[in-house]
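These notes concern the structure reproduced below.
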Amino acid sequence: MRYMGVNEIREKFLSFFESKGCLRLASFPLVPKNDASLLLINSGMAPMKAWFKGSEVPPRRRVTTCQKCIRTPDIERVGITARHGTFFEMLGNFSFGDYFKHEATAWAWEFFTKVMEIPEEKLWVSIYENDDEARDIWVNEVGVSPDRIVKLGKEDNFWEHGTGPCGPCSEIYFDRGEEYGCNSPDCGVGCDCDRYMEVWNLVFTQYDKDEEGNYNPLPKPNIDTGMGLERLAVVMQGVDNLFEVDTVQDVMKHISRIAGVEYKQDEQKDISLRVITDHIRSTVMMISDGVIPSNEGRGYVLRRLLRRAARHGKLLGIDRPFLFEVAATVIDASKSAYNELEEKRDYITKIVKKEEERFDATIDNGLVVLNQYIEDALSKGAAELTGEEAFKLHDTYGFPLDLTVEMAKEKGLDVDTEGFAAEMEKQKQTAKNARKDGSSWDGDNNYDFENVTAPTEFKGYDNSKLTLDAKILGIVSEGEVSALISEGESGIIVTDQTPFYAEMGGQEGDKGVITKDGGAAKVNYTKKTGDGVYLHEVTVVEGEFALSDTVEMEVNRENRLSIARNHTATHILHKALKETLGTHVAQAGSLVTSERLRFDFSHFEAMTQKQLDEVERKVNDIILDCEPVTVRELPIEEAKKLGATAQFGEKYGDVVRVVSIGDYSVEFCGGTHLTNSARCGLFKLISESGVASGVRRIEAVTGNGVLKYMEQKDALIERTAQALKTNLLGEIDIKAEAAMNELKEVQKAAEAIKAKLAAAKAQDIMTSVKHVGDIDVLTAQLDGTSVDGLKNIADKFKEKEECGVIVLAANTDGKITFVAMATKEAVKRGVHAGQIIRSVTAVAGGKGGGKPDMAQGGGQDASKIDDALAKVDDLVLEMTR
């Protein structure tokens with residue numbers, strides 16, 4: 001058994017299963033596609049659920065992959081032990097109704113003993129206790145000695161998740177030797193010690209569990225195997241744990257050099273080294289697959305990993321951004337397997353550095369707020385910080401919960417982590433509701449069409465040939481599968497072939513008509529199912545349509561061309577953005593309709609007007625250059641050599657459709673396009689905005705959309721001219737400037753009047769000062785006064801009083817405001833304006849807070865303002881005892 005590096009092991013595994021007829025697929029992105037049940041891909045089979053369920057057809061019935069995976073349930077344990085990690089690579093070979101136990105077991109043993117040359121005496125096999133078939137195959141066909149096979153119960157060797165496909169497992173273990181054992185006489189396969197390491201799990205999915213708990217045999221059983229690449233590397237390299245395998249050690253050694261520390265010299269420093277090593281690996285992989293740091297969903301997972309790593313850097317004494325440097329080592333270690341790492345190197349390192357810098361800036365602000373919370377809690381005799389406070393630190397200041405807990409504990413305080421979790425859940429639910437699909441398609445795609453046995457044949461790429469005859473194979477009328485759909489009814493028509501493009505890749509579906517003698521139906525939208533059946537959403541306006549009818553399908557040509565203009569322009573825009581902003585720009589989503597285009601892309605800051613103008617000019621230059629738009633189908637590797645850019649979130653087969661616009665833009669794309677860039681007409685940027693941390697959005701129009709935009713602008717200019725009372729459009733800016741100058745003068749005069757009124761009010765209320773102990777206290781309700789007005793009055797009070805407190809309230813235009821200030825001497829004697837505001841606003845159904853000398857807040861119930869102000873005297877007395 002010779003030493004093998006991680007990259008060599010990965011290649012040997014994939015090549016071996018290719019030799020067994022398996023199709024080698026690249027790792028799916030970590031962001032799940034069409035699977036709301038997962039935040040991030042966490043196993044080799046997770047991206048293939050649809051293939052296992054049979055709802056989609058796999059590219060081949062035998063597949064092998066090395067899948068990037070992220071698991072974060074044990075994130076708090078990462079670093080503390082060397083067993084836990086968030087990122088790992090899962091080797092797998094899969095069968096979708098093809099080979100089964102005989103082949104899966106034989107090939108696993110062959111790979112271990114022949115390819116890896118692992119001695120048989122080091123290997124053990126576990127099986128499900130009732131799976132006699134598996135035992136017979138291992139013993140009689142594979143040749144494993146019966147005394148090296150261990151039967152385990154359902155908990156260990158049977159895979160199931162609720163109802164549905166399930167089955168027994170068989171696992172292969174590696175005996176690491178007595179030095180890793182627990183010295184128990186019962187130590188063996190299944191023991192919790194480190195001697196017998198489970199390396200490979202073979203799942204035999206042969207049953208379908210029903211609601212009654214019955215295990216019904218599947219007509220076509222599947223194979224799902226999973227083996228952690230890092231675990232196998234531990235075996236092949238003879239090291240203790242995953243943090244010591246070659247590619248992971250490269251990363252850790254880089255961190256050690258920056259920090260000036262060595263691994264295995266100090267346990268606390270080792271924890272930090274392991275945390276940073278694991279988290280930066282996860283970070284790099286997530287960013288390369290399109291995840292951006294944010295405060296919800298997978299973006300929150302990424303931000304948490306990054307900031308946890310940054311904090312452990314500070315614990316190692318690293319007082320500058322450094323993770324972006326280590327990210328480069330992660331890329332170098334894995335780029336041979338994941339080409340996208342090299343392609344996005346600059347983008348990945350910039351995102352990491354930007355987040356590090358943001359964390360450095362926010363953690364200092366967060367410390368100020370946290371210390372204030374701690375001070376408030378101690379002054380009130382509280383035992384813990386509230387969940388709301390911990391959440392605000394996390395959400396507003398990016399302060400990690402574990403750091404809040406640690407610092408509070410140092411002061412003898414607990415943290416309401418359950419309350420924090422409740423606040424987090426509230427935020428997640430809000431975000432989840434906001435992310436609901438806004439598609440106009442409300443129908444159920446899962447119809448059982450008896451006559452539909454194959455995907456619909458699409459014949460609509462040629463914009464000049466948008467009509468063809470087709471046969472009706474399926475009908476849905478008013479939500480039910482039917483043999484007939486009649487005038488006035490809405491539903492779905494499925495045909496054997498179609499010129500209608502279905503919604504896909506960000507491009508909206510076609511509209512048009514379906515006709516026959518005595519019948520006409522309006523096609524309102526087109527979508528397709530996961531297995532390629534096109535669903536034409538229709539409203540029948542004349543006659544009726546029945547199964548087996550021959551009909552004429554006709555796409556709305558003008559609508560199609562408008563979509564094509566915007567789609568072709570989107571490709572040009574993508575390239576123009578890369579040229580203007582840098583190669584880190586990557587598509588993060590798009591929407592192409594007949595009216596406009598929307599393009600989301602990775603960038604860290606708002607674009608300047610100069611950059612926007614440059615992008616718009618570049619796009620229009622390509623349009624006016626009349627560049628030919630060509631479409632080719634090429635092997636994917638050949639397409640990549642041409643520099644073709646992949647679309648966000650899409651998975652591609654061996655042959656891809658490549659759209660080229662002259663020599664300017666080359667992209668993978670399945671959408672419909674023009675034949676020449678000139679047919680876009682003109683391109684006009686409408687807006688640029690931020691949609692998430694690190695993601696910008698551009699909206700634009702082309703062709704007739706530009707004309708409509710110009711008409712709207714002309715109408716706006718005309719209305720503005722009328723409002724400014726001028727007939728000369730060229731004078732609008734002069735008139736507007738004059739009006740603004742006049743307004744400023746009026747505002748200045750108004751402010752002067754307000755200041756005089758405030759001084760008068762201050763003078764009037766000074767007669768109401770009370771003495772509470774040694775503190776002068778003034779409270780008043782001054783309705784109609786702005787916040788600034790209240791602060792001015794309070795400032796004048798502080799100028800006149802040496803030791804005093806003032807609390808003012810105002811109900812202005814339905815908004816209730818409280819302001820409190822305390823002089824330096826009053827603060828020295830124990831007065832805290834922030835605590836006063838927190839108490840009085842609560843009486844009025846609101847909340848607020850602030851510093852000891854100044855605070856403000858709001859209320860909800862105007863009828864409680866008097867009660868709230870009446871509480872001030874008691875609060876001051878209690879504070880100064």
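Naming works like this for the structure tokens: A, B, ... for the chains as they're shown, residue 1 at the start of each chain, ligands 1 onward in shown order.
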Problem set entry | Contact residues around region 161-169 of chain A with only C-alpha atoms at 9 Å, ignoring same-chain residues under 4 positions, as a PyMOL selection string | chain A and resi 52-53+126-128+130-131+154+156-157+201-211+213+215+218+221
Could the residues in this selection be saved with N, CA, C and O atoms as a tab-separated table (two decimals), in the first residue's frame?
chain	number	residue	atom	x	y	z
A	52	PHE	N	-33.01	9.39	-9.07
A	52	PHE	CA	-33.37	8.23	-8.26
A	52	PHE	C	-34.89	8.06	-8.18
A	52	PHE	O	-35.40	6.94	-8.18
A	53	LYS	N	-35.61	9.17	-8.12
A	53	LYS	CA	-37.07	9.11	-8.04
A	53	LYS	C	-37.71	8.75	-9.38
A	53	LYS	O	-38.86	8.32	-9.43
A	126	SER	N	-19.29	-4.71	6.95
A	126	SER	CA	-20.51	-4.84	7.76
A	126	SER	C	-21.70	-4.95	6.83
A	126	SER	O	-21.69	-4.40	5.72
A	127	ILE	N	-22.71	-5.69	7.25
A	127	ILE	CA	-23.94	-5.83	6.47
A	127	ILE	C	-25.14	-5.66	7.41
A	127	ILE	O	-25.01	-5.78	8.62
A	128	TYR	N	-26.30	-5.40	6.81
A	128	TYR	CA	-27.53	-5.35	7.60
A	128	TYR	C	-27.84	-6.77	8.08
A	128	TYR	O	-27.72	-7.75	7.33
A	130	ASN	N	-30.30	-8.65	8.49
A	130	ASN	CA	-31.24	-9.52	7.78
A	130	ASN	C	-30.94	-9.66	6.29
A	130	ASN	O	-31.72	-10.26	5.55
A	131	ASP	N	-29.81	-9.06	5.84
A	131	ASP	CA	-29.49	-9.09	4.40
A	131	ASP	C	-28.58	-10.28	4.10
A	131	ASP	O	-27.37	-10.15	3.87
A	154	LYS	N	-30.49	-2.25	12.27
A	154	LYS	CA	-31.12	-1.28	11.37
A	154	LYS	C	-30.57	0.13	11.54
A	154	LYS	O	-30.42	0.88	10.59
A	156	ASP	N	-27.62	1.08	12.17
A	156	ASP	CA	-26.30	1.26	11.54
A	156	ASP	C	-26.29	0.92	10.06
A	156	ASP	O	-25.55	1.55	9.29
A	157	ASN	N	-27.05	-0.08	9.66
A	157	ASN	CA	-26.89	-0.59	8.29
A	157	ASN	C	-28.20	-0.69	7.51
A	157	ASN	O	-28.41	-1.65	6.75
A	201	ASN	N	-19.53	3.39	2.09
A	201	ASN	CA	-20.88	2.92	2.38
A	201	ASN	C	-21.60	2.60	1.08
A	201	ASN	O	-21.74	3.46	0.22
A	202	LEU	N	-22.06	1.35	0.95
A	202	LEU	CA	-22.79	0.91	-0.23
A	202	LEU	C	-24.26	0.77	0.16
A	202	LEU	O	-24.60	-0.05	1.00
A	203	VAL	N	-25.10	1.59	-0.44
A	203	VAL	CA	-26.54	1.55	-0.12
A	203	VAL	C	-27.27	0.81	-1.23
A	203	VAL	O	-27.19	1.19	-2.40
A	204	PHE	N	-28.00	-0.23	-0.87
A	204	PHE	CA	-28.77	-1.03	-1.83
A	204	PHE	C	-30.23	-0.59	-1.75
A	204	PHE	O	-31.01	-1.10	-0.93
A	205	THR	N	-30.61	0.37	-2.56
A	205	THR	CA	-31.98	0.90	-2.52
A	205	THR	C	-32.91	-0.06	-3.26
A	205	THR	O	-33.07	0.03	-4.47
A	206	GLN	N	-33.53	-0.99	-2.51
A	206	GLN	CA	-34.31	-2.04	-3.14
A	206	GLN	C	-35.77	-2.09	-2.68
A	206	GLN	O	-36.56	-2.86	-3.21
A	207	TYR	N	-36.13	-1.21	-1.72
A	207	TYR	CA	-37.51	-1.21	-1.22
A	207	TYR	C	-38.16	0.17	-1.37
A	207	TYR	O	-37.48	1.20	-1.48
A	208	ASP	N	-39.49	0.16	-1.34
A	208	ASP	CA	-40.28	1.38	-1.30
A	208	ASP	C	-41.18	1.28	-0.06
A	208	ASP	O	-42.11	0.48	-0.02
A	209	LYS	N	-40.86	2.08	0.97
A	209	LYS	CA	-41.62	2.01	2.22
A	209	LYS	C	-42.90	2.82	2.09
A	209	LYS	O	-42.88	3.99	1.75
A	210	ASP	N	-44.06	2.17	2.37
A	210	ASP	CA	-45.33	2.88	2.24
A	210	ASP	C	-45.77	3.47	3.58
A	210	ASP	O	-45.08	3.34	4.59
A	211	GLU	N	-46.91	4.14	3.56
A	211	GLU	CA	-47.41	4.83	4.76
A	211	GLU	C	-47.70	3.87	5.91
A	211	GLU	O	-47.69	4.25	7.08
A	213	GLY	N	-45.89	1.35	6.65
A	213	GLY	CA	-44.64	0.77	7.14
A	213	GLY	C	-44.22	-0.50	6.43
A	213	GLY	O	-43.30	-1.18	6.87
A	215	TYR	N	-42.44	-2.68	3.47
A	215	TYR	CA	-41.29	-2.52	2.58
A	215	TYR	C	-41.57	-3.32	1.31
A	215	TYR	O	-41.42	-4.54	1.27
A	218	LEU	N	-38.74	-2.74	-4.95
A	218	LEU	CA	-38.75	-1.85	-6.12
A	218	LEU	C	-38.55	-2.69	-7.38
A	218	LEU	O	-37.73	-3.63	-7.39
A	221	PRO	N	-34.23	-1.74	-8.63
A	221	PRO	CA	-33.46	-1.22	-7.49
A	221	PRO	C	-32.27	-0.38	-7.96
A	221	PRO	O	-31.79	-0.52	-9.08
Taking only C-alpha atoms into account, produce a table as a Markdown table in which each residue of region 277-358 of chain A with an atom at most 12 Å from an atom of region 621-644 of chain A appears once, together with its shortest atom pair and the distance in Å to one decimal, ordered by chain and rising number.
| residue | atom | partner | partner_atom | distance |
| --- | --- | --- | --- | --- |
| A:Asn339 | CA | A:Lys640 | CA | 10.5 |
| A:Glu340 | CA | A:Lys640 | CA | 11.2 |
| A:Glu343 | CA | A:Gly643 | CA | 10.6 |
Seminar exercise, completed: Among A:Pro217, A:Gly79, A:Gly846, A:Gly97, Arg308 (chain A) is approached most closely, using only C-alpha atoms, by A:Gly79
Exercise. Region 89-204 of chain A: which residues are alpha helix (DSSP H) by DSSP, as a VMD selection string?
Worked result: chain A and resid 101 to 110 132 to 136 154 to 157
Problem set entry | Atomic separation - CA of Ile348 (chain A) relative to CA of Ser272 (chain A), Å |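 Separation of CA of Ser272 (chain A) and CA of Ile348 (chain A): 22.3 Å.
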Problem set entry | Residues near region 407-421 of chain A, cut-off 12 Å, only C-alpha atoms, skip fewer than 2 positions along chain, as a ChimeraX atom specification | /A:366-367,370-378,381-395,399-405,423-428
For the residues in that selection, give me N, CA and C atoms as a compact mmCIF listing (two decimals), in the first residue's frame.
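Result written to result20.txt:
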# COMPACT_ATOMS: atom_id res chain seq x y z
N GLY A 366 -19.37 46.62 17.03
CA GLY A 366 -20.12 45.65 17.81
C GLY A 366 -19.63 45.56 19.25
N LEU A 367 -18.31 45.67 19.44
CA LEU A 367 -17.76 45.62 20.79
C LEU A 367 -18.29 46.76 21.65
N LEU A 370 -21.89 45.80 22.47
CA LEU A 370 -21.92 44.68 23.40
C LEU A 370 -21.54 45.13 24.81
N ASN A 371 -20.51 45.94 24.91
CA ASN A 371 -20.09 46.43 26.22
C ASN A 371 -21.19 47.27 26.88
N GLN A 372 -21.95 48.01 26.04
CA GLN A 372 -23.06 48.79 26.58
C GLN A 372 -24.16 47.86 27.11
N TYR A 373 -24.46 46.79 26.33
CA TYR A 373 -25.45 45.81 26.78
C TYR A 373 -25.03 45.17 28.10
N ILE A 374 -23.76 44.82 28.19
CA ILE A 374 -23.25 44.18 29.40
C ILE A 374 -23.35 45.15 30.58
N GLU A 375 -22.98 46.40 30.34
CA GLU A 375 -23.06 47.41 31.39
C GLU A 375 -24.50 47.60 31.87
N ASP A 376 -25.43 47.66 30.90
CA ASP A 376 -26.84 47.83 31.24
C ASP A 376 -27.35 46.64 32.06
N ALA A 377 -26.99 45.43 31.63
CA ALA A 377 -27.45 44.23 32.32
C ALA A 377 -26.93 44.19 33.75
N LEU A 378 -25.65 44.53 33.93
CA LEU A 378 -25.06 44.50 35.26
C LEU A 378 -25.68 45.56 36.16
N GLY A 381 -28.89 44.36 37.40
CA GLY A 381 -28.83 43.11 38.15
C GLY A 381 -29.35 41.92 37.36
N ALA A 382 -29.37 42.05 36.02
CA ALA A 382 -29.86 40.96 35.17
C ALA A 382 -28.84 39.84 35.12
N ALA A 383 -29.32 38.61 34.89
CA ALA A 383 -28.44 37.45 34.85
C ALA A 383 -27.96 37.12 33.44
N GLU A 384 -28.61 37.73 32.43
CA GLU A 384 -28.25 37.38 31.06
C GLU A 384 -28.55 38.53 30.10
N LEU A 385 -27.90 38.46 28.93
CA LEU A 385 -28.25 39.33 27.81
C LEU A 385 -29.45 38.72 27.11
N THR A 386 -30.34 39.55 26.61
CA THR A 386 -31.54 39.03 25.96
C THR A 386 -31.22 38.46 24.59
N GLY A 387 -32.10 37.59 24.11
CA GLY A 387 -31.95 37.04 22.77
C GLY A 387 -32.03 38.12 21.72
N GLU A 388 -32.87 39.14 21.98
CA GLU A 388 -33.01 40.25 21.02
C GLU A 388 -31.71 41.04 20.92
N GLU A 389 -31.04 41.25 22.05
CA GLU A 389 -29.76 41.97 22.03
C GLU A 389 -28.69 41.16 21.29
N ALA A 390 -28.63 39.87 21.57
CA ALA A 390 -27.64 39.01 20.89
C ALA A 390 -27.90 38.98 19.40
N PHE A 391 -29.18 38.95 19.02
CA PHE A 391 -29.51 38.91 17.60
C PHE A 391 -29.16 40.23 16.93
N LYS A 392 -29.43 41.34 17.61
CA LYS A 392 -29.08 42.64 17.01
C LYS A 392 -27.58 42.74 16.79
N LEU A 393 -26.80 42.27 17.75
CA LEU A 393 -25.35 42.25 17.58
C LEU A 393 -24.95 41.44 16.35
N HIS A 394 -25.60 40.31 16.19
CA HIS A 394 -25.31 39.44 15.05
C HIS A 394 -25.78 40.05 13.73
N ASP A 395 -27.03 40.54 13.74
CA ASP A 395 -27.65 40.96 12.48
C ASP A 395 -27.15 42.32 12.02
N PHE A 399 -21.76 40.41 14.58
CA PHE A 399 -21.06 39.89 15.74
C PHE A 399 -21.45 38.44 15.96
N PRO A 400 -20.52 37.49 15.92
CA PRO A 400 -20.86 36.07 16.08
C PRO A 400 -21.47 35.78 17.45
N LEU A 401 -22.48 34.93 17.49
CA LEU A 401 -23.12 34.58 18.75
C LEU A 401 -22.12 33.98 19.73
N ASP A 402 -21.23 33.12 19.22
CA ASP A 402 -20.29 32.47 20.14
C ASP A 402 -19.37 33.50 20.81
N LEU A 403 -19.04 34.59 20.08
CA LEU A 403 -18.21 35.63 20.68
C LEU A 403 -19.01 36.41 21.72
N THR A 404 -20.29 36.66 21.45
CA THR A 404 -21.17 37.32 22.43
C THR A 404 -21.25 36.48 23.70
N VAL A 405 -21.46 35.17 23.54
CA VAL A 405 -21.55 34.26 24.70
C VAL A 405 -20.25 34.27 25.50
N GLU A 423 -35.36 34.68 17.29
CA GLU A 423 -35.21 35.85 16.42
C GLU A 423 -34.66 35.44 15.06
N MET A 424 -33.71 34.51 15.07
CA MET A 424 -33.14 34.01 13.81
C MET A 424 -34.21 33.33 12.97
N GLU A 425 -35.03 32.52 13.63
CA GLU A 425 -36.07 31.80 12.91
C GLU A 425 -37.08 32.78 12.32
N LYS A 426 -37.39 33.83 13.08
CA LYS A 426 -38.31 34.85 12.59
C LYS A 426 -37.74 35.49 11.32
N GLN A 427 -36.44 35.78 11.34
CA GLN A 427 -35.81 36.40 10.17
C GLN A 427 -35.80 35.44 8.98
N LYS A 428 -35.51 34.16 9.27
CA LYS A 428 -35.46 33.18 8.18
C LYS A 428 -36.83 32.99 7.54
For this session: Quick one: everything within 12 Å of Val843 (chain A), counting only C-alpha atoms, minus sequence neighbours fewer than 5 positions away in the same chain. Send it as a PyMOL selection string.
Result: chain A and resi 818+836-838+848+857-872
Exercise. If we count only C-alpha atoms, what is near His102 (chain A) at a cut-off of 7 Å, once residues fewer than 3 positions away on the same chain are taken out, given as a list in words?
Worked result: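 Here the qualifying residues turn out to be Thr105, Ala106 and Ile137 of chain A.
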Problem set entry | Using only C-alpha atoms: which of A:Ala820, A:Ile292, A:Glu878, A:Arg596 has the shortest distance to Asp853 (chain A) | A:Ala820
Exercise. Which is closer to Lys796 (chain A) than all the others in A:Arg307, A:Lys761, A:Arg83, A:Lys269, using only C-alpha atoms?
Worked result: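 Closest to Lys796 (chain A) of all the choices is A:Lys761.
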Exercise. Counting only C-alpha atoms, which of A:Asn93, A:Thr726, A:Thr880, A:Thr453 gets nearest to Ser15 (chain A)?
Worked result: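 Answer, going by the shortest atom-to-atom distance: A:Asn93.
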For this session: Take CA of Thr113 (chain A) and CA of Met1 (chain A) and report the distance between them in Å, one decimal.
Result: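 Going from CA of Thr113 (chain A) over to CA of Met1 (chain A) covers 9.2 Å.
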Exercise. What is the CA of Pro59 (chain A) to CA of Ile287 (chain A) distance in Å?
Worked result: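 One can read the CA of Pro59 (chain A) to CA of Ile287 (chain A) distance as 27.4 Å.
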